[in-house]
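The data block below is upload-v8.txt; it holds compact mmCIF, C-alpha atoms.
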```txt
# COMPACT_ATOMS: atom_id res chain seq x y z
CA MET A 1 39.38 -21.07 44.06
CA PRO A 2 36.09 -22.97 43.62
CA HIS A 3 35.29 -25.16 46.57
CA ASP A 4 34.40 -28.18 44.50
CA ASP A 5 38.01 -28.47 43.28
CA PRO A 6 39.28 -31.97 44.07
CA HIS A 7 42.22 -30.50 45.96
CA THR A 8 43.80 -31.98 49.02
CA HIS A 9 45.16 -28.76 50.51
CA VAL A 10 44.85 -28.80 54.29
CA HIS A 11 44.13 -25.48 55.99
CA ASP A 12 46.12 -26.15 59.12
CA HIS A 13 48.00 -22.84 59.22
CA ALA A 14 46.93 -19.46 60.54
CA ALA A 15 45.36 -17.01 58.09
CA ILE A 16 48.06 -15.16 56.14
CA GLU A 17 47.28 -11.71 57.41
CA ALA A 18 48.18 -9.42 60.27
CA ASP A 19 46.36 -10.52 63.37
CA GLU A 20 47.08 -7.27 65.21
CA PRO A 21 44.07 -5.04 65.69
CA GLN A 22 44.07 -2.05 63.34
CA GLY A 23 45.64 0.95 65.04
CA TYR A 24 44.97 4.69 64.81
CA TYR A 25 47.05 5.27 61.67
CA GLN A 26 45.63 2.26 59.81
CA HIS A 27 42.12 3.57 60.50
CA LEU A 28 43.18 7.09 59.46
CA ALA A 29 44.70 5.81 56.20
CA ALA A 30 41.64 3.68 55.38
CA ALA A 31 39.26 6.55 56.14
CA THR A 32 41.30 9.01 54.07
CA ARG A 33 41.41 6.59 51.14
CA SER A 34 37.65 6.02 51.31
CA LEU A 35 36.95 9.75 51.41
CA LEU A 36 39.25 10.53 48.47
CA ILE A 37 37.62 7.82 46.37
CA GLU A 38 34.13 8.93 47.41
CA LYS A 39 34.91 12.54 46.51
CA GLY A 40 36.32 11.51 43.13
CA ALA A 41 39.97 12.52 43.70
CA PHE A 42 40.90 9.12 42.25
CA THR A 43 39.28 5.75 41.78
CA ALA A 44 39.98 2.49 43.55
CA ASP A 45 41.42 1.23 40.26
CA ASP A 46 43.77 4.26 40.05
CA MET A 47 45.09 3.36 43.47
CA ARG A 48 45.45 -0.32 42.65
CA ALA A 49 47.27 0.55 39.42
CA MET A 50 49.64 2.89 41.27
CA ILE A 51 50.55 0.18 43.78
CA GLU A 52 51.05 -2.22 40.88
CA ARG A 53 53.33 0.28 39.09
CA ILE A 54 55.44 0.79 42.22
CA ASP A 55 55.71 -2.95 42.84
CA GLU A 56 56.82 -3.55 39.26
CA ARG A 57 59.98 -1.50 39.81
CA SER A 58 62.94 -3.71 40.68
CA PRO A 59 66.75 -3.67 40.91
CA ALA A 60 66.82 -4.97 37.33
CA LEU A 61 66.26 -1.37 36.18
CA GLY A 62 69.26 -0.12 38.17
CA ALA A 63 71.35 -3.03 36.91
CA LYS A 64 70.62 -2.06 33.30
CA ILE A 65 71.79 1.49 34.02
CA VAL A 66 74.99 0.23 35.65
CA ALA A 67 75.76 -2.19 32.79
CA ARG A 68 75.24 0.60 30.25
CA ALA A 69 77.61 2.87 32.21
CA TRP A 70 80.26 0.12 32.28
CA THR A 71 80.14 -0.32 28.52
CA ASP A 72 79.68 3.27 27.37
CA GLN A 73 82.03 5.92 28.80
CA ALA A 74 80.12 8.84 27.29
CA PHE A 75 76.87 7.57 28.82
CA LYS A 76 78.62 7.16 32.16
CA ALA A 77 79.86 10.75 32.05
CA ARG A 78 76.33 12.01 31.36
CA LEU A 79 74.89 9.75 34.08
CA LEU A 80 77.32 11.10 36.68
CA SER A 81 76.70 14.74 35.79
CA ARG A 82 72.97 14.69 34.95
CA GLY A 83 71.52 11.56 36.52
CA LYS A 84 67.83 12.24 36.16
CA GLN A 85 67.83 13.51 32.59
CA THR A 86 70.12 10.73 31.42
CA ILE A 87 67.98 7.98 32.94
CA LYS A 88 64.81 9.53 31.60
CA GLU A 89 65.99 10.37 28.09
CA GLU A 90 68.39 7.51 27.37
CA MET A 91 66.98 4.62 29.43
CA GLU A 92 63.34 5.69 29.13
CA ILE A 93 62.79 5.10 32.83
CA ASP A 94 60.37 7.54 34.44
CA PRO A 95 62.35 9.08 37.31
CA VAL A 96 59.75 9.81 39.93
CA ALA A 97 62.28 11.57 42.21
CA ALA A 98 63.25 15.24 42.00
CA ASP A 99 66.75 14.21 40.98
CA ILE A 100 69.11 11.27 41.15
CA VAL A 101 72.73 11.55 42.20
CA VAL A 102 74.91 8.76 40.80
CA VAL A 103 78.09 8.17 42.80
CA GLU A 104 80.91 6.10 41.36
CA ASN A 105 82.95 3.51 43.22
CA THR A 106 86.61 3.47 42.23
CA ALA A 107 89.83 1.91 43.47
CA GLU A 108 90.12 4.95 45.76
CA VAL A 109 86.50 5.52 46.89
CA HIS A 110 83.64 3.31 48.09
CA ASN A 111 80.18 4.90 48.39
CA VAL A 112 77.33 3.77 50.62
CA VAL A 113 73.82 5.24 50.96
CA VAL A 114 71.64 5.61 54.04
CA CYS A 115 68.66 7.72 55.03
CA THR A 116 69.07 8.47 58.73
CA LEU A 117 65.79 10.40 58.98
CA CYS A 118 63.44 7.87 57.40
CA SER A 119 63.86 5.52 54.43
CA CYS A 120 64.43 7.67 51.28
CA TYR A 121 65.37 5.25 48.52
CA PRO A 122 65.36 5.29 44.69
CA VAL A 123 62.29 3.05 44.40
CA PHE A 124 61.89 3.93 40.71
CA ILE A 125 65.12 2.11 39.79
CA LEU A 126 65.62 -0.32 42.69
CA GLY A 127 62.09 -1.23 43.77
CA ARG A 128 61.01 -1.08 47.37
CA PRO A 129 63.79 -0.82 49.96
CA PRO A 130 64.81 -3.92 51.93
CA ASP A 131 63.76 -4.08 55.59
CA TRP A 132 67.31 -3.58 56.85
CA TYR A 133 67.52 -0.25 55.01
CA LYS A 134 64.60 0.99 57.10
CA SER A 135 65.87 -0.41 60.41
CA TYR A 136 67.08 1.89 63.21
CA ALA A 137 70.27 -0.15 63.45
CA TYR A 138 71.32 0.46 59.83
CA ARG A 139 70.17 4.08 59.82
CA SER A 140 71.99 5.04 63.00
CA ARG A 141 75.13 2.95 62.57
CA ALA A 142 75.87 3.33 58.84
CA VAL A 143 76.77 6.99 59.33
CA ARG A 144 79.10 6.65 62.30
CA ASP A 145 80.66 3.24 61.68
CA PRO A 146 80.24 2.54 57.96
CA ARG A 147 83.21 0.19 57.77
CA GLY A 148 81.91 -1.88 60.68
CA VAL A 149 78.42 -2.07 59.19
CA LEU A 150 79.80 -3.04 55.78
CA ARG A 151 81.85 -5.77 57.43
CA GLU A 152 78.64 -7.20 58.89
CA PHE A 153 77.30 -7.33 55.33
CA GLY A 154 80.41 -9.32 54.40
CA THR A 155 81.93 -6.35 52.61
CA GLU A 156 85.47 -5.55 53.70
CA ILE A 157 86.69 -2.22 52.37
CA ASP A 158 90.46 -1.82 52.06
CA PRO A 159 91.57 0.61 54.81
CA ALA A 160 93.37 2.65 52.15
CA ARG A 161 90.15 3.36 50.24
CA GLU A 162 88.00 6.31 51.25
CA VAL A 163 84.51 5.41 52.46
CA ARG A 164 82.00 8.06 51.47
CA VAL A 165 78.62 7.88 53.17
CA HIS A 166 75.64 9.65 51.61
CA ASP A 167 72.85 10.58 54.01
CA SER A 168 69.77 10.88 51.80
CA THR A 169 68.05 13.55 53.88
CA ALA A 170 66.09 15.55 51.33
CA ASP A 171 65.09 15.62 47.66
CA MET A 172 67.96 13.71 46.02
CA ARG A 173 67.91 9.96 45.51
CA TYR A 174 71.13 7.95 45.15
CA LEU A 175 72.48 5.22 42.92
CA VAL A 176 75.90 3.73 43.62
CA LEU A 177 77.74 2.86 40.42
CA PRO A 178 79.73 -0.19 41.53
CA MET A 179 83.12 -1.12 40.07
CA GLN A 180 83.07 -3.49 37.14
CA PRO A 181 84.77 -6.73 38.20
CA GLU A 182 87.95 -7.79 36.46
CA GLY A 183 87.58 -10.42 33.80
CA THR A 184 84.27 -9.07 32.48
CA GLU A 185 85.70 -6.72 29.88
CA GLY A 186 83.90 -7.03 26.58
CA TRP A 187 80.85 -8.78 28.02
CA PRO A 188 77.52 -7.73 26.50
CA GLU A 189 75.37 -5.39 28.58
CA GLU A 190 72.74 -8.00 29.45
CA ARG A 191 75.35 -10.38 30.84
CA LEU A 192 76.97 -7.60 32.88
CA ALA A 193 73.59 -6.52 34.23
CA GLY A 194 73.14 -10.04 35.59
CA LEU A 195 76.10 -9.47 37.95
CA VAL A 196 74.67 -6.30 39.47
CA THR A 197 72.55 -6.87 42.57
CA ARG A 198 70.48 -4.48 44.66
CA ASP A 199 72.97 -4.21 47.51
CA THR A 200 75.81 -3.29 45.15
CA MET A 201 73.77 -0.26 44.09
CA VAL A 202 73.15 0.82 47.70
CA GLY A 203 76.83 0.28 48.49
CA THR A 204 76.56 -2.50 51.08
CA ALA A 205 78.19 -4.97 48.69
CA GLU A 206 80.57 -4.99 45.75
CA VAL A 207 79.97 -6.75 42.48
CA ARG A 208 81.62 -10.17 42.63
CA PRO A 209 84.28 -10.97 40.10
CA ALA A 210 83.14 -13.19 37.26
CA ALA A 211 83.43 -16.89 38.03
CA MET B 212 64.88 29.82 41.17
CA THR B 213 66.22 31.52 44.27
CA GLU B 214 69.84 32.51 43.75
CA PRO B 215 72.00 30.20 45.90
CA ARG B 216 74.06 31.92 48.56
CA PHE B 217 76.86 29.34 48.51
CA ASN B 218 78.99 27.77 45.78
CA PRO B 219 80.74 24.42 45.51
CA GLY B 220 83.89 24.49 47.63
CA ASP B 221 82.52 27.02 50.15
CA ALA B 222 83.11 26.14 53.80
CA VAL B 223 79.79 26.16 55.66
CA THR B 224 78.67 25.49 59.20
CA VAL B 225 75.35 23.84 59.97
CA SER B 226 73.25 25.91 62.32
CA ALA B 227 73.26 24.52 65.88
CA ARG B 228 69.59 25.26 66.41
CA PHE B 229 67.35 22.83 68.23
CA PRO B 230 63.82 24.11 67.74
CA THR B 231 61.17 22.19 69.61
CA GLY B 232 57.46 21.67 69.07
CA ARG B 233 55.52 20.24 66.19
CA ARG B 234 58.03 20.44 63.34
CA HIS B 235 59.37 18.49 60.42
CA LEU B 236 63.11 19.14 60.14
CA ARG B 237 65.35 17.45 57.56
CA THR B 238 68.62 18.46 59.23
CA PRO B 239 69.91 15.51 61.27
CA PHE B 240 70.83 16.28 64.89
CA TYR B 241 74.28 14.73 64.50
CA ILE B 242 75.39 17.30 61.94
CA ARG B 243 74.19 20.48 63.64
CA GLY B 244 77.10 22.75 64.52
CA LYS B 245 79.48 20.88 62.22
CA THR B 246 81.51 22.44 59.43
CA GLY B 247 81.86 21.03 55.94
CA GLU B 248 82.32 21.98 52.32
CA VAL B 249 79.63 22.48 49.68
CA GLU B 250 79.92 19.54 47.25
CA ARG B 251 77.23 20.76 44.87
CA VAL B 252 74.16 22.93 44.59
CA CYS B 253 71.20 20.60 44.03
CA GLY B 254 68.69 23.22 42.89
CA ALA B 255 65.87 24.82 44.86
CA TYR B 256 63.07 22.85 46.45
CA LYS B 257 60.03 23.62 48.51
CA ASN B 258 60.87 23.73 52.18
CA PRO B 259 59.82 20.44 53.82
CA GLU B 260 59.26 22.38 57.05
CA ASP B 261 56.36 24.08 55.22
CA LEU B 262 55.24 21.17 53.05
CA ALA B 263 54.80 18.89 56.05
CA PHE B 264 52.06 21.17 57.33
CA GLY B 265 50.25 21.72 54.06
CA ASN B 266 51.86 25.01 53.10
CA TYR B 267 52.42 24.17 49.44
CA ASP B 268 52.85 27.80 48.34
CA ALA B 269 56.01 28.35 50.36
CA ALA B 270 59.08 29.71 48.58
CA ARG B 271 61.69 27.32 47.25
CA VAL B 272 64.91 27.05 49.19
CA PRO B 273 68.31 26.23 47.65
CA LEU B 274 69.45 22.74 48.61
CA TYR B 275 73.10 21.71 48.91
CA ARG B 276 75.08 18.56 49.29
CA VAL B 277 77.67 19.29 51.98
CA ARG B 278 80.68 17.04 52.57
CA PHE B 279 82.04 16.56 56.09
CA ASP B 280 85.14 14.80 57.37
CA GLN B 281 84.00 11.82 59.41
CA ARG B 282 86.65 12.49 62.06
CA HIS B 283 85.20 15.97 62.52
CA VAL B 284 81.63 14.63 62.83
CA TRP B 285 82.39 11.78 65.28
CA ASP B 286 85.02 12.23 68.00
CA ASP B 287 85.72 8.50 68.10
CA TYR B 288 85.71 7.82 64.35
CA ALA B 289 88.20 5.04 63.73
CA GLY B 290 88.21 4.69 59.91
CA ASN B 291 90.47 6.20 57.27
CA PRO B 292 91.05 9.93 58.00
CA ALA B 293 89.94 10.58 54.41
CA ASP B 294 86.46 9.11 55.04
CA THR B 295 83.62 11.58 54.46
CA ILE B 296 79.87 11.91 54.76
CA ASP B 297 77.73 13.91 52.33
CA ILE B 298 74.42 15.30 53.57
CA GLU B 299 71.68 17.28 51.83
CA ILE B 300 71.03 20.49 53.73
CA TYR B 301 68.71 23.39 52.93
CA GLU B 302 70.21 26.85 52.78
CA HIS B 303 68.47 28.27 55.84
CA TRP B 304 70.39 25.75 57.97
CA LEU B 305 73.80 26.89 56.69
CA GLU B 306 76.10 29.77 57.61
CA PRO B 307 79.51 30.70 56.20
CA ALA B 308 82.15 28.86 58.23
CA GLU B 309 84.35 31.01 60.42
CA THR B 310 87.44 28.96 59.65
CA GLY B 311 88.44 28.73 56.02
CA ASP B 312 89.28 25.05 56.08
CA PRO B 313 86.66 22.61 57.39
CA GLY B 314 89.51 20.33 58.44
CA ASP B 315 90.60 22.96 60.99
CA ALA B 316 87.36 22.54 62.90
CA ALA B 317 88.24 18.97 63.83
```
Mind converting the file's structure to structure tokens?
Amino acid sequence: MPHDDPHTHVHDHAAIEADEPQGYYQHLAAATRSLLIEKGAFTADDMRAMIERIDERSPALGAKIVARAWTDQAFKARLLSRGKQTIKEEMEIDPVAADIVVVENTAEVHNVVVCTLCSCYPVFILGRPPDWYKSYAYRSRAVRDPRGVLREFGTEIDPAREVRVHDSTADMRYLVLPMQPEGTEGWPEERLAGLVTRDTMVGTAEVRPAA
Amino acid sequence: MTEPRFNPGDAVTVSARFPTGRRHLRTPFYIRGKTGEVERVCGAYKNPEDLAFGNYDAARVPLYRVRFDQRHVWDDYAGNPADTIDIEIYEHWLEPAETGDPGDAA
């Protein structure tokens, strides 16, 4: 912003940046990046564009997939049996992961996803994972007390339903196909997609019934 | 692709090995020694234990999704007895289960 702007903004807050000194790994990452650019492995613009592409992914992509599955039984069957190919060929979403496993919530089963070892997450259809997904508390507790953790998210699962946890430990990535709420039959795909939030596709929430 | 040793429905036991040293293992501690059932064969992927140390030419290893009864995994599990946990496990961490029914192991 040019300094001669007649603005009245007062700079009374701290600079919006980390004030911690850079540690070993930050220095290592910066040095590695500089070397790769210097040696021509990629350009600074390639790297910027990659970060931009990753940041453009959002739960809206997953919501479109879910809404399509709710309205098209044949698509849903293909999605559940061949997740990656179906998303790539029919939704034209580039699936960066090796494969995607789509797990369906039903009146009998509720699915929830966790990565106990790190933070594996289907970034290509849900965007970057939320902080809680990467926390030790979620990662350690979601596997051994999933019902208790879900309750803390405000999601009470009927004791009669089976809770199926998926520990995303390796090359698969997971999408929970939530249950379509009652009263939304016949809605167009775009309207249905608007009901589907990020957490419902990780399994920590259920899609709310239509108001 | 390497021919998978196990098929969906096979009862398998996760190896109770605890190797130490500089390693990158994708088999969670909490599931080692536990018995479950192969849910699906996921294909064959390069072994992360090699990839993590720059060995990109390593052979591919079949990867499985194995389903375990939560009450078998956690002694104090309080949820529905039907609750399960599915975990991706590479073939070299699996052995045929000695009991036919994973439920027996609980």
Using all atoms listed in the file, find each residue of chain A with at least one atom at most 8 Å away from an atom of chain B; report its shortest atom-to-atom pair and that distance in Å (one decimal), sort the rows by chain and rising residue number, and return the result as JSON lines.
```
{"residue": "A:Thr116", "atom": "CA", "partner": "B:Pro239", "partner_atom": "CA", "distance": 7.5}
{"residue": "A:Leu117", "atom": "CA", "partner": "B:Pro239", "partner_atom": "CA", "distance": 7.0}
{"residue": "A:Val143", "atom": "CA", "partner": "B:Ile296", "partner_atom": "CA", "distance": 7.4}
{"residue": "A:Arg144", "atom": "CA", "partner": "B:Trp285", "partner_atom": "CA", "distance": 6.8}
{"residue": "A:Asp145", "atom": "CA", "partner": "B:Tyr288", "partner_atom": "CA", "distance": 7.3}
{"residue": "A:Arg147", "atom": "CA", "partner": "B:Gly290", "partner_atom": "CA", "distance": 7.1}
{"residue": "A:Pro159", "atom": "CA", "partner": "B:Asn291", "partner_atom": "CA", "distance": 6.2}
{"residue": "A:Ala160", "atom": "CA", "partner": "B:Asn291", "partner_atom": "CA", "distance": 6.9}
{"residue": "A:Arg161", "atom": "CA", "partner": "B:Asn291", "partner_atom": "CA", "distance": 7.6}
{"residue": "A:Glu162", "atom": "CA", "partner": "B:Asp294", "partner_atom": "CA", "distance": 5.0}
{"residue": "A:Val163", "atom": "CA", "partner": "B:Asp294", "partner_atom": "CA", "distance": 4.9}
{"residue": "A:Arg164", "atom": "CA", "partner": "B:Thr295", "partner_atom": "CA", "distance": 4.9}
{"residue": "A:Val165", "atom": "CA", "partner": "B:Ile296", "partner_atom": "CA", "distance": 4.5}
{"residue": "A:His166", "atom": "CA", "partner": "B:Asp297", "partner_atom": "CA", "distance": 4.8}
{"residue": "A:Asp167", "atom": "CA", "partner": "B:Ile298", "partner_atom": "CA", "distance": 5.0}
{"residue": "A:Ser168", "atom": "CA", "partner": "B:Ile298", "partner_atom": "CA", "distance": 6.7}
{"residue": "A:Thr169", "atom": "CA", "partner": "B:Glu299", "partner_atom": "CA", "distance": 5.6}
{"residue": "A:Ala170", "atom": "CA", "partner": "B:Glu299", "partner_atom": "CA", "distance": 5.9}
{"residue": "A:Asp171", "atom": "CA", "partner": "B:Tyr256", "partner_atom": "CA", "distance": 7.6}
{"residue": "A:Met172", "atom": "CA", "partner": "B:Glu299", "partner_atom": "CA", "distance": 7.8}
```
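The space between atom CA of Phe153 of chain A and atom CA of Val114 of chain A spans 14.2 Å.
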Show me the residues close to (66.7, 25.1, 60.7) - anything with an atom within 8 Å, counting all atoms listed in the file - and format the list as a ChimeraX atom specification.
/B:226,228-230,236,238,303-304
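What separates atom CA of Arg198 of chain A from atom CA of Asp131 of chain A is a distance of 12.8 Å.
Atom CA of Thr32 of chain A lies 12.4 Å from atom CA of Ala44 of chain A.
If you measure from each of A:Leu126, A:Val112, A:Ile37, A:Val101 to Ser58 of chain A using only C-alpha atoms, the closest one turns out to be A:Leu126.
You can rank B:Arg234, B:Arg251, B:Gly220, B:Leu305 by their closest distance to Phe264 of chain B using only C-alpha atoms, and at the top of that list sits B:Arg234.
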Counting all atoms listed in the file, write as a short mmCIF file (atom, residue, chain, number, x, y, z; two decimals) with C-alpha atoms, in the frame of the given file all protein and nucleic acid residues lying at most 12 Å from (72.0, -1.2, 57.3) in the file's frame.
```cif
data_model
loop_
_atom_site.label_atom_id
_atom_site.label_comp_id
_atom_site.auth_asym_id
_atom_site.auth_seq_id
_atom_site.Cartn_x
_atom_site.Cartn_y
_atom_site.Cartn_z
CA VAL A 112 77.33 3.77 50.62
CA VAL A 113 73.82 5.24 50.96
CA VAL A 114 71.64 5.61 54.04
CA CYS A 115 68.66 7.72 55.03
CA THR A 116 69.07 8.47 58.73
CA SER A 119 63.86 5.52 54.43
CA PRO A 129 63.79 -0.82 49.96
CA PRO A 130 64.81 -3.92 51.93
CA ASP A 131 63.76 -4.08 55.59
CA TRP A 132 67.31 -3.58 56.85
CA TYR A 133 67.52 -0.25 55.01
CA LYS A 134 64.60 0.99 57.10
CA SER A 135 65.87 -0.41 60.41
CA TYR A 136 67.08 1.89 63.21
CA ALA A 137 70.27 -0.15 63.45
CA TYR A 138 71.32 0.46 59.83
CA ARG A 139 70.17 4.08 59.82
CA SER A 140 71.99 5.04 63.00
CA ARG A 141 75.13 2.95 62.57
CA ALA A 142 75.87 3.33 58.84
CA VAL A 143 76.77 6.99 59.33
CA ARG A 144 79.10 6.65 62.30
CA ASP A 145 80.66 3.24 61.68
CA PRO A 146 80.24 2.54 57.96
CA ARG A 147 83.21 0.19 57.77
CA GLY A 148 81.91 -1.88 60.68
CA VAL A 149 78.42 -2.07 59.19
CA LEU A 150 79.80 -3.04 55.78
CA ARG A 151 81.85 -5.77 57.43
CA GLU A 152 78.64 -7.20 58.89
CA PHE A 153 77.30 -7.33 55.33
CA VAL A 165 78.62 7.88 53.17
CA ASP A 199 72.97 -4.21 47.51
CA VAL A 202 73.15 0.82 47.70
CA GLY A 203 76.83 0.28 48.49
CA THR A 204 76.56 -2.50 51.08
CA ALA A 205 78.19 -4.97 48.69
#
```
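Take the candidates B:Arg233, B:Lys245, B:Asn218, B:Glu302 and check each one against Ala263 of chain B using all atoms listed in the file; the shortest distance goes to B:Arg233.
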If we count only C-alpha atoms and set the cut-off at 7 Å, which residues sit around Gly244 of chain B, ignoring sequence neighbours fewer than 2 positions away in its own chain? Please answer as a PyMOL selection string.
chain B and resi 224-227+242+246
Please produce a file of those selected residues containing C-alpha atoms, as a PDB file, in the coordinates of the input.
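Saved the output as part_7.pdb:
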```
ATOM      1  CA  THR B 224      78.670  25.490  59.200  1.00  0.00           C
ATOM      2  CA  VAL B 225      75.350  23.840  59.970  1.00  0.00           C
ATOM      3  CA  SER B 226      73.250  25.910  62.320  1.00  0.00           C
ATOM      4  CA  ALA B 227      73.260  24.520  65.880  1.00  0.00           C
ATOM      5  CA  ILE B 242      75.390  17.300  61.940  1.00  0.00           C
ATOM      6  CA  THR B 246      81.510  22.440  59.430  1.00  0.00           C
TER       7      THR B 246
END
```
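If you measure from each of A:Gln26, A:Ser34, A:Gln180, A:Thr200 to Ala107 of chain A using all atoms listed in the file, the closest one turns out to be A:Gln180.
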Residues near segment 80-93 of chain A, anyone? I mean within 9 Å using only C-alpha atoms, not counting same-chain ones fewer than 2 positions away, as a ChimeraX atom specification.
/A:61,64-65,75-78,95,97-104,124-125
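Of the listed residues (A:Gly154, A:Pro181, A:Pro21, A:Pro122), A:Pro122 comes nearest to Gly62 of chain A; the distances count only C-alpha atoms.
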Give me the box for segment 249-254 of chain B as lines of an AutoDock Vina configuration file, namely the centre and edge lengths in Å to one decimal of a box along x, y and z that holds every listed atom plus 3 Å on each side.
```
center_x = 74.3
center_y = 21.4
center_z = 46.3
size_x = 17.2
size_y = 9.7
size_z = 12.8
```
